[in-house]
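Colleague: As input, take target_20.txt (compact mmCIF, C-alpha atoms):
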# COMPACT_ATOMS: atom_id res chain seq x y z
CA MET A 1 30.74 -73.25 -49.95
CA ARG A 2 30.78 -69.59 -50.99
CA VAL A 3 27.85 -70.21 -53.28
CA ALA A 4 25.92 -71.83 -50.45
CA LEU A 5 26.60 -68.87 -48.17
CA LEU A 6 25.58 -66.48 -50.90
CA THR A 7 22.35 -68.38 -51.41
CA PHE A 8 21.63 -68.37 -47.71
CA ALA A 9 22.21 -64.64 -47.52
CA ILE A 10 19.90 -64.03 -50.46
CA VAL A 11 17.18 -66.14 -48.88
CA CYS A 12 17.50 -64.26 -45.60
CA ALA A 13 17.35 -60.91 -47.40
CA TYR A 14 14.35 -62.10 -49.35
CA ILE A 15 12.48 -63.15 -46.23
CA THR A 16 13.27 -59.85 -44.55
CA ALA A 17 12.23 -57.84 -47.58
CA LEU A 18 9.07 -59.86 -47.99
CA THR A 19 8.10 -59.32 -44.37
CA VAL A 20 8.63 -55.57 -44.53
CA ALA A 21 6.85 -55.28 -47.85
CA VAL A 22 3.73 -57.10 -46.77
CA ARG A 23 3.34 -56.15 -43.11
CA ALA A 24 2.52 -52.45 -43.43
CA GLN A 25 -0.04 -50.52 -45.41
CA ARG A 26 -0.33 -46.76 -45.57
CA GLY A 27 -3.03 -44.25 -46.37
CA THR A 28 -3.02 -40.48 -46.34
CA THR A 29 -5.52 -37.73 -45.88
CA VAL A 30 -5.29 -33.97 -45.80
CA LEU A 31 -6.78 -31.84 -43.06
CA LEU A 32 -7.99 -28.46 -44.23
CA VAL A 33 -8.93 -25.61 -41.92
CA ASN A 34 -10.24 -22.37 -43.33
CA LEU A 35 -10.22 -19.59 -40.76
CA PRO A 36 -11.66 -16.37 -42.17
CA ALA A 37 -10.96 -13.01 -40.60
CA THR A 38 -13.51 -12.15 -37.96
CA ALA A 39 -13.89 -9.76 -35.03
CA ARG A 40 -16.13 -9.13 -32.06
CA VAL A 41 -16.21 -6.52 -29.35
CA SER A 42 -18.15 -6.79 -26.11
CA PHE A 43 -18.68 -4.57 -23.08
CA SER A 44 -19.35 -4.99 -19.40
CA ALA A 45 -21.98 -2.25 -19.67
CA THR A 46 -23.84 -0.86 -22.64
CA SER A 47 -24.69 2.49 -21.08
CA VAL A 48 -23.10 4.89 -18.64
CA THR A 49 -24.52 7.89 -16.85
CA PHE A 50 -23.02 11.00 -15.33
CA PRO A 51 -24.86 11.96 -12.17
CA ASP A 52 -25.57 15.55 -11.28
CA ALA A 53 -22.79 17.25 -9.35
CA ASP A 54 -21.68 20.68 -8.27
CA PRO A 55 -19.30 21.99 -10.97
CA THR A 56 -17.09 23.63 -8.39
CA ALA A 57 -16.78 20.57 -6.22
CA THR A 58 -16.68 18.12 -9.13
CA PRO A 59 -15.37 19.72 -12.30
CA PHE A 60 -15.07 16.28 -13.90
CA VAL A 61 -17.85 13.82 -13.17
CA PRO A 62 -16.92 10.16 -13.35
CA SER A 63 -19.34 7.85 -15.08
CA VAL A 64 -21.50 5.26 -13.39
CA PRO A 65 -20.36 2.56 -13.62
CA VAL A 66 -16.90 4.00 -13.19
CA GLY A 67 -15.26 1.75 -15.73
CA VAL A 68 -16.43 -0.13 -18.79
CA THR A 69 -14.50 -3.28 -19.49
CA ILE A 70 -13.99 -3.93 -23.18
CA SER A 71 -13.13 -7.26 -24.73
CA ALA A 72 -11.87 -6.99 -28.29
CA ARG A 73 -11.58 -10.33 -30.09
CA ALA A 74 -10.11 -10.48 -33.54
CA ARG A 75 -8.82 -13.14 -35.88
CA VAL A 76 -6.84 -11.53 -38.66
CA PRO A 77 -4.08 -12.50 -41.09
CA ARG A 78 -0.63 -12.78 -39.60
CA ASN A 79 0.78 -9.50 -38.25
CA SER A 80 -2.23 -7.47 -39.38
CA GLN A 81 -3.12 -4.29 -37.52
CA ILE A 82 -6.30 -4.16 -35.48
CA THR A 83 -7.87 -0.92 -34.33
CA LEU A 84 -10.77 -0.14 -32.05
CA THR A 85 -12.28 3.30 -32.46
CA LEU A 86 -15.09 5.21 -30.85
CA GLN A 87 -17.30 7.88 -32.33
CA SER A 88 -20.39 9.64 -31.09
CA THR A 89 -23.30 9.72 -33.50
CA ASP A 90 -24.00 13.24 -32.41
CA ASP A 91 -23.25 15.84 -29.74
CA LEU A 92 -24.90 15.53 -26.35
CA ARG A 93 -28.47 16.61 -26.80
CA SER A 94 -31.30 17.53 -24.48
CA GLY A 95 -34.16 18.56 -26.70
CA VAL A 96 -32.84 21.46 -28.70
CA THR A 97 -30.00 22.12 -26.26
CA VAL A 98 -26.63 20.82 -27.35
CA LEU A 99 -23.37 20.23 -25.55
CA PRO A 100 -20.26 19.26 -27.48
CA ALA A 101 -19.35 15.58 -27.40
CA SER A 102 -15.80 16.60 -26.58
CA LEU A 103 -16.90 17.29 -22.98
CA ILE A 104 -16.62 13.55 -22.50
CA THR A 105 -13.13 12.15 -22.19
CA TRP A 106 -11.75 8.84 -21.05
CA THR A 107 -8.67 7.23 -19.64
CA ALA A 108 -7.88 3.62 -20.33
CA SER A 109 -6.03 0.68 -18.88
CA GLY A 110 -4.98 -2.52 -20.56
CA ALA A 111 -2.30 -3.30 -23.13
CA GLY A 112 -2.91 -1.40 -26.33
CA PHE A 113 -5.78 0.72 -24.97
CA ALA A 114 -5.54 4.49 -25.13
CA GLY A 115 -7.26 7.46 -23.55
CA GLY A 116 -9.03 10.04 -25.64
CA THR A 117 -11.71 12.63 -26.21
CA LEU A 118 -15.10 11.90 -27.71
CA SER A 119 -15.89 13.33 -31.12
CA ARG A 120 -18.96 13.27 -33.31
CA THR A 121 -16.95 13.92 -36.47
CA THR A 122 -13.89 11.73 -36.23
CA PRO A 123 -13.46 8.19 -34.89
CA GLN A 124 -11.17 8.29 -31.88
CA LEU A 125 -8.68 5.56 -31.15
CA VAL A 126 -9.52 3.31 -28.21
CA GLY A 127 -7.01 0.53 -28.88
CA ARG A 128 -4.52 -0.72 -31.40
CA TRP A 129 -2.89 -4.17 -31.63
CA THR A 130 -1.05 -6.43 -34.01
CA GLY A 131 -2.22 -9.93 -34.86
CA SER A 132 -5.04 -12.16 -33.69
CA GLY A 133 -6.10 -12.43 -30.09
CA VAL A 134 -8.37 -11.34 -27.28
CA ARG A 135 -7.57 -7.99 -25.70
CA THR A 136 -9.24 -6.75 -22.57
CA GLY A 137 -9.08 -3.26 -21.15
CA THR A 138 -11.11 -0.69 -19.28
CA GLN A 139 -12.36 2.74 -20.26
CA ASN A 140 -13.06 5.26 -17.51
CA PHE A 141 -15.29 8.06 -18.78
CA ARG A 142 -15.72 11.48 -17.25
CA PHE A 143 -17.79 14.49 -18.14
CA GLU A 144 -16.47 18.03 -17.95
CA ASN A 145 -18.87 19.78 -15.61
CA ARG A 146 -19.44 23.56 -15.99
CA TRP A 147 -21.80 26.12 -14.52
CA THR A 148 -22.57 27.26 -18.05
CA HIS A 149 -24.20 24.01 -19.09
CA PRO A 150 -27.94 24.44 -19.43
CA THR A 151 -29.91 22.11 -17.23
CA GLY A 152 -31.35 19.07 -18.88
CA ILE A 153 -30.95 15.39 -19.47
CA TYR A 154 -28.45 14.92 -22.23
CA SER A 155 -27.71 11.79 -24.15
CA ALA A 156 -25.60 10.51 -27.00
CA THR A 157 -24.98 7.22 -28.70
CA LEU A 158 -21.43 5.94 -29.01
CA VAL A 159 -20.36 3.58 -31.75
CA TYR A 160 -17.34 1.32 -31.37
CA THR A 161 -15.68 -0.09 -34.45
CA LEU A 162 -13.20 -2.96 -34.33
CA SER A 163 -11.47 -3.29 -37.65
CA SER A 164 -8.48 -4.60 -39.52
CA PRO A 165 -7.40 -3.32 -42.92
CA MET B 1 44.24 -86.26 -61.76
CA THR B 2 42.48 -84.65 -64.67
CA HIS B 3 39.45 -86.81 -64.02
CA ALA B 4 39.36 -85.72 -60.30
CA MET B 5 39.48 -82.01 -61.20
CA SER B 6 36.69 -82.55 -63.65
CA ASP B 7 34.50 -84.07 -60.91
CA ALA B 8 35.16 -81.10 -58.61
CA ALA B 9 34.24 -78.73 -61.37
CA ARG B 10 31.08 -80.66 -61.97
CA VAL B 11 30.16 -80.43 -58.27
CA ARG B 12 30.77 -76.68 -58.25
CA ARG B 13 28.70 -76.27 -61.38
CA ARG B 14 25.90 -78.35 -59.88
CA THR B 15 25.98 -76.34 -56.66
CA PHE B 16 25.97 -73.08 -58.56
CA SER B 17 23.09 -74.26 -60.70
CA ALA B 18 21.08 -75.22 -57.63
CA ALA B 19 21.73 -71.86 -56.00
CA ALA B 20 20.81 -70.08 -59.20
CA ALA B 21 17.60 -72.09 -59.39
CA ILE B 22 16.68 -71.13 -55.81
CA VAL B 23 17.37 -67.47 -56.46
CA ALA B 24 15.43 -67.59 -59.70
CA ALA B 25 12.50 -69.21 -57.94
CA LEU B 26 12.52 -66.62 -55.18
CA VAL B 27 12.74 -63.79 -57.66
CA ALA B 28 9.90 -65.33 -59.64
CA ILE B 29 7.53 -65.60 -56.68
CA LEU B 30 8.53 -62.35 -54.96
CA PRO B 31 6.13 -60.08 -56.86
CA SER B 32 3.16 -62.36 -56.36
CA ARG B 33 3.79 -62.78 -52.64
CA ALA B 34 4.34 -59.05 -52.10
CA SER B 35 1.19 -58.13 -53.95
CA ALA B 36 -0.88 -60.70 -52.04
CA GLN B 37 -1.72 -58.17 -49.32
CA GLN B 38 -2.18 -59.43 -45.83
CA LEU B 39 -2.96 -55.92 -44.63
CA GLU B 40 -5.41 -53.66 -46.37
CA LEU B 41 -6.15 -50.06 -45.50
CA THR B 42 -8.39 -47.49 -47.13
CA ILE B 43 -8.85 -43.96 -45.84
CA SER B 44 -11.58 -41.70 -47.13
CA PRO B 45 -12.17 -38.95 -47.92
CA ILE B 46 -8.82 -37.71 -49.14
CA ILE B 47 -9.50 -34.22 -47.83
CA VAL B 48 -11.23 -33.46 -44.54
CA ALA B 49 -12.32 -29.86 -44.08
CA PHE B 50 -13.11 -28.43 -40.68
CA PRO B 51 -16.18 -26.21 -40.51
CA THR B 52 -15.70 -22.53 -39.82
CA SER B 53 -17.08 -21.14 -36.60
CA ASP B 54 -16.69 -18.40 -34.03
CA PRO B 55 -14.39 -19.54 -31.19
CA ASP B 56 -16.87 -18.26 -28.60
CA ALA B 57 -19.77 -20.16 -30.15
CA THR B 58 -17.77 -23.31 -30.94
CA PRO B 59 -14.68 -23.74 -28.76
CA VAL B 60 -13.86 -27.04 -30.44
CA LEU B 61 -14.25 -27.66 -34.17
CA ASN B 62 -15.29 -31.13 -35.26
CA ALA B 63 -14.33 -32.29 -38.73
CA PRO B 64 -16.59 -34.61 -40.68
CA PRO B 65 -15.78 -38.22 -39.72
CA LEU B 66 -13.02 -39.96 -41.60
CA THR B 67 -13.80 -43.51 -42.67
CA VAL B 68 -11.13 -46.14 -42.12
CA ARG B 69 -11.57 -49.52 -43.79
CA TYR B 70 -9.05 -52.16 -42.86
CA ARG B 71 -8.38 -55.88 -43.04
CA VAL B 72 -5.69 -58.01 -41.45
CA ARG B 73 -5.07 -61.52 -42.75
CA ALA B 74 -2.51 -64.26 -42.20
CA ASN B 75 -1.54 -62.57 -38.94
CA GLY B 76 -1.82 -65.60 -36.69
CA ASN B 77 -2.13 -64.48 -33.12
CA ARG B 78 0.14 -61.49 -33.55
CA PRO B 79 -0.83 -57.89 -32.73
CA TRP B 80 -1.63 -55.24 -35.32
CA THR B 81 -1.79 -51.48 -34.99
CA LEU B 82 -3.15 -48.54 -36.91
CA THR B 83 -1.26 -45.32 -36.32
CA VAL B 84 -1.43 -41.78 -37.54
CA LEU B 85 1.39 -39.29 -37.95
CA ALA B 86 1.17 -35.67 -39.06
CA SER B 87 3.78 -34.59 -41.57
CA GLY B 88 3.87 -31.19 -39.90
CA THR B 89 1.69 -28.71 -38.09
CA LEU B 90 -1.37 -27.17 -39.69
CA THR B 91 0.24 -24.49 -41.81
CA SER B 92 -0.94 -21.44 -43.71
CA GLY B 93 2.06 -19.62 -45.12
CA LEU B 94 4.07 -18.62 -42.07
CA SER B 95 1.17 -19.23 -39.71
CA THR B 96 0.82 -22.47 -37.82
CA ILE B 97 -1.53 -24.06 -35.34
CA PRO B 98 0.07 -26.10 -32.54
CA VAL B 99 -0.33 -29.80 -33.20
CA ALA B 100 -1.28 -30.35 -29.56
CA ASN B 101 -4.55 -28.55 -30.34
CA GLU B 102 -5.56 -31.42 -32.63
CA THR B 103 -7.19 -34.45 -31.13
CA TRP B 104 -9.49 -37.17 -32.36
CA ILE B 105 -12.21 -39.43 -31.18
CA ALA B 106 -12.82 -42.76 -32.91
CA ALA B 107 -15.30 -45.59 -33.01
CA PRO B 108 -15.87 -48.41 -32.47
CA SER B 109 -13.90 -48.73 -29.28
CA PRO B 110 -12.16 -51.10 -29.10
CA PRO B 111 -10.20 -51.40 -31.27
CA PHE B 112 -10.23 -47.65 -31.98
CA ARG B 113 -9.19 -45.10 -29.40
CA ALA B 114 -9.01 -41.35 -28.95
CA GLY B 115 -5.72 -39.51 -29.09
CA THR B 116 -3.73 -36.36 -29.68
CA MET B 117 -1.91 -35.63 -32.91
CA SER B 118 1.86 -35.59 -33.12
CA THR B 119 4.34 -34.59 -35.75
CA THR B 120 7.17 -36.60 -34.26
CA GLN B 121 5.77 -39.91 -33.11
CA ALA B 122 3.09 -42.05 -34.70
CA GLN B 123 0.04 -42.20 -32.45
CA THR B 124 -2.09 -45.30 -32.11
CA VAL B 125 -5.56 -44.98 -33.58
CA ALA B 126 -6.54 -48.63 -33.27
CA ALA B 127 -4.91 -51.83 -32.11
CA GLY B 128 -5.80 -55.49 -31.87
CA THR B 129 -4.59 -59.03 -32.12
CA GLY B 130 -4.99 -61.69 -34.76
CA ASN B 131 -6.93 -61.34 -37.96
CA VAL B 132 -9.58 -58.84 -38.96
CA ASN B 133 -11.52 -60.42 -41.77
CA PRO B 134 -13.72 -59.48 -43.55
CA MET B 135 -12.97 -55.80 -44.03
CA GLN B 136 -13.97 -53.68 -41.04
CA THR B 137 -14.88 -50.01 -40.86
CA GLY B 138 -14.10 -47.43 -38.24
CA THR B 139 -14.58 -43.70 -38.03
CA VAL B 140 -12.14 -41.09 -36.86
CA THR B 141 -13.37 -37.60 -36.06
CA PHE B 142 -10.65 -34.99 -35.81
CA ARG B 143 -11.16 -32.11 -33.42
CA LEU B 144 -9.41 -28.77 -33.31
CA THR B 145 -9.40 -26.38 -30.40
CA ASN B 146 -10.82 -23.18 -31.79
CA SER B 147 -9.07 -20.01 -30.71
CA TRP B 148 -9.06 -16.29 -31.36
CA THR B 149 -5.28 -16.43 -31.31
CA TYR B 150 -5.03 -18.30 -34.63
CA ASP B 151 -4.13 -16.22 -37.64
CA ALA B 152 -6.78 -16.07 -40.29
CA GLY B 153 -5.90 -18.25 -43.26
CA THR B 154 -6.33 -21.60 -44.95
CA TYR B 155 -4.36 -24.28 -43.17
CA LEU B 156 -3.32 -27.67 -44.52
CA GLN B 157 -1.78 -30.74 -42.97
CA VAL B 158 -1.01 -34.19 -44.37
CA LEU B 159 -1.75 -37.18 -42.16
CA THR B 160 -0.32 -40.62 -42.79
CA PHE B 161 -2.13 -43.65 -41.46
CA THR B 162 -0.12 -46.85 -41.17
CA LEU B 163 -1.63 -50.27 -40.60
CA SER B 164 1.09 -52.65 -39.50
CA ALA B 165 1.64 -56.04 -37.95
CA PRO B 166 5.11 -56.72 -36.63
Please go through the file and, once you have read it, give me the structure as structure tokens.
Modeller:
Amino acid sequence: MRVALLTFAIVCAYITALTVAVRAQRGTTVLLVNLPATARVSFSATSVTFPDADPTATPFVPSVPVGVTISARARVPRNSQITLTLQSTDDLRSGVTVLPASLITWTASGAGFAGGTLSRTTPQLVGRWTGSGVRTGTQNFRFENRWTHPTGIYSATLVYTLSSP
Amino acid sequence: MTHAMSDAARVRRRTFSAAAAIVAALVAILPSRASAQQLELTISPIIVAFPTSDPDATPVLNAPPLTVRYRVRANGNRPWTLTVLASGTLTSGLSTIPVANETWIAAPSPPFRAGTMSTTQAQTVAAGTGNVNPMQTGTVTFRLTNSWTYDAGTYLQVLTFTLSAP
């Protein structure tokens, strides 16, 4: 009797094992995603102007448009620093007449954005962040207006650099 | 009395011999039955690489299609399913990409269907009833939401496909 029960149990186990063994097949594959470091910066306006104004009434002339919205997109390795800097290629020039670039300053809003003073010699910090992401902020430029400035139409080119070490 | 005990012993021996013969027969045929596959599944290629692209230009990355070849035999009128399960999230060192950002589209439909990847529960890729014979082919195209928020790096993830019939 015990032998018969043992046999029955073995047969049941066999059937169960056979069913499990045959009724499933598996295959594997590996997904690979290579995401290189990349960055992009964009602006709501690519030029600003400072309209003429009485230096006494308006010692600091706001730019038109008043604010420039900046979108700094960066994909960098984990916890890497990202910086956005601004440098003028030259001082403000009107023919041979020159005004220092430092007459232009800005305030900023938006997480990680900072105010500063324009320079033609040293990149000035506009924003600093850690890790990948999209950061949006606004720069509000103003020009220091003085009676001593020679008349003229002055211009300068500003270069933004978004970088990660 | 001695003769009666001898008969009982003979019966026990005969019973034991019969049981042993059954077990031996089952053991003998087990390998051949197990290897006679009623379900066949082939996944290729082994590695699927997503293309690299700017998230603004390409908000969703499409991997090259994965080819699934499968056959179901001796299944009667019973259902069969093909599922996929991720062993973990896409990982690059300490960086990960949320598994919910991975989806797939598949053809032909039916039996294939679109879905979203999971690391906890096998997701159905295809399902049907009865036999599939001869071998059939389907394609699965994995898609990944592209985002600036991902850390730069090389991410890997192992996917396990399971073809089963209950």
Colleague: Within 10 Å of Gly115 in chain B, counting all atoms listed in the file, which residues show up once you throw out same-chain ones fewer than 4 positions away? Write them as a ChimeraX atom specification, please.
Modeller: /B:84,102-106,123-125,142
Colleague: Could you write those residues out with C-alpha atoms, as an mmCIF file, in the frame of the given file?
Modeller:
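After the write, result_36.cif holds the following:
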data_model
loop_
_atom_site.group_PDB
_atom_site.id
_atom_site.type_symbol
_atom_site.label_atom_id
_atom_site.label_comp_id
_atom_site.auth_asym_id
_atom_site.auth_seq_id
_atom_site.Cartn_x
_atom_site.Cartn_y
_atom_site.Cartn_z
ATOM 1 C CA VAL B 84 -1.430 -41.780 -37.540
ATOM 2 C CA GLU B 102 -5.560 -31.420 -32.630
ATOM 3 C CA THR B 103 -7.190 -34.450 -31.130
ATOM 4 C CA TRP B 104 -9.490 -37.170 -32.360
ATOM 5 C CA ILE B 105 -12.210 -39.430 -31.180
ATOM 6 C CA ALA B 106 -12.820 -42.760 -32.910
ATOM 7 C CA GLN B 123 0.040 -42.200 -32.450
ATOM 8 C CA THR B 124 -2.090 -45.300 -32.110
ATOM 9 C CA VAL B 125 -5.560 -44.980 -33.580
ATOM 10 C CA PHE B 142 -10.650 -34.990 -35.810
#
Colleague: Quick one: distance from CA of Val76 in chain A to CA of Thr46 in chain A in Å, one decimal?
Modeller: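 CA of Thr46 in chain A lies at a distance of 25.7 Å from CA of Val76 in chain A.
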Colleague: Set the distance at 10 Å and use only C-alpha atoms: which residues neighbour Gly76 in chain B once local chain neighbours fewer than 2 positions away are removed? I'd like the list as an MDAnalysis selection string.
Modeller: chainID B and resid 72:74 78:79 129:131
Colleague: Show me, as a PyMOL selection string, every residue of chain A with an atom at most 7 Å from chain B, counting all atoms listed in the file.
Modeller: chain A and resi 3-4+7+18+21-37+73-78+132-134
Colleague: Here is a test: counting only C-alpha atoms, which residue of A:Phe50, A:Trp129, A:Tyr154, A:Phe43 is nearest to Ser63 in chain A?
Modeller: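 Closest residue, counting only C-alpha atoms: A:Phe50.
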Colleague: What gap, in Å, lies between CA of Ile82 in chain A and CA of Thr105 in chain A?
Modeller: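 Interatomic distance here is 22.1 Å.
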Colleague: What lies within 9 Å of Ser71 in chain A using all atoms listed in the file, ignoring chain neighbours under 5 positions off, as a PyMOL selection string?
Modeller: chain A and resi 40-44+134-138
Colleague: For a test of reading the model, state the distance in Å between CA of Leu103 in chain A and CA of Asp90 in chain A, rounded to one decimal.
Modeller: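 Going from CA of Leu103 in chain A over to CA of Asp90 in chain A covers 12.5 Å.
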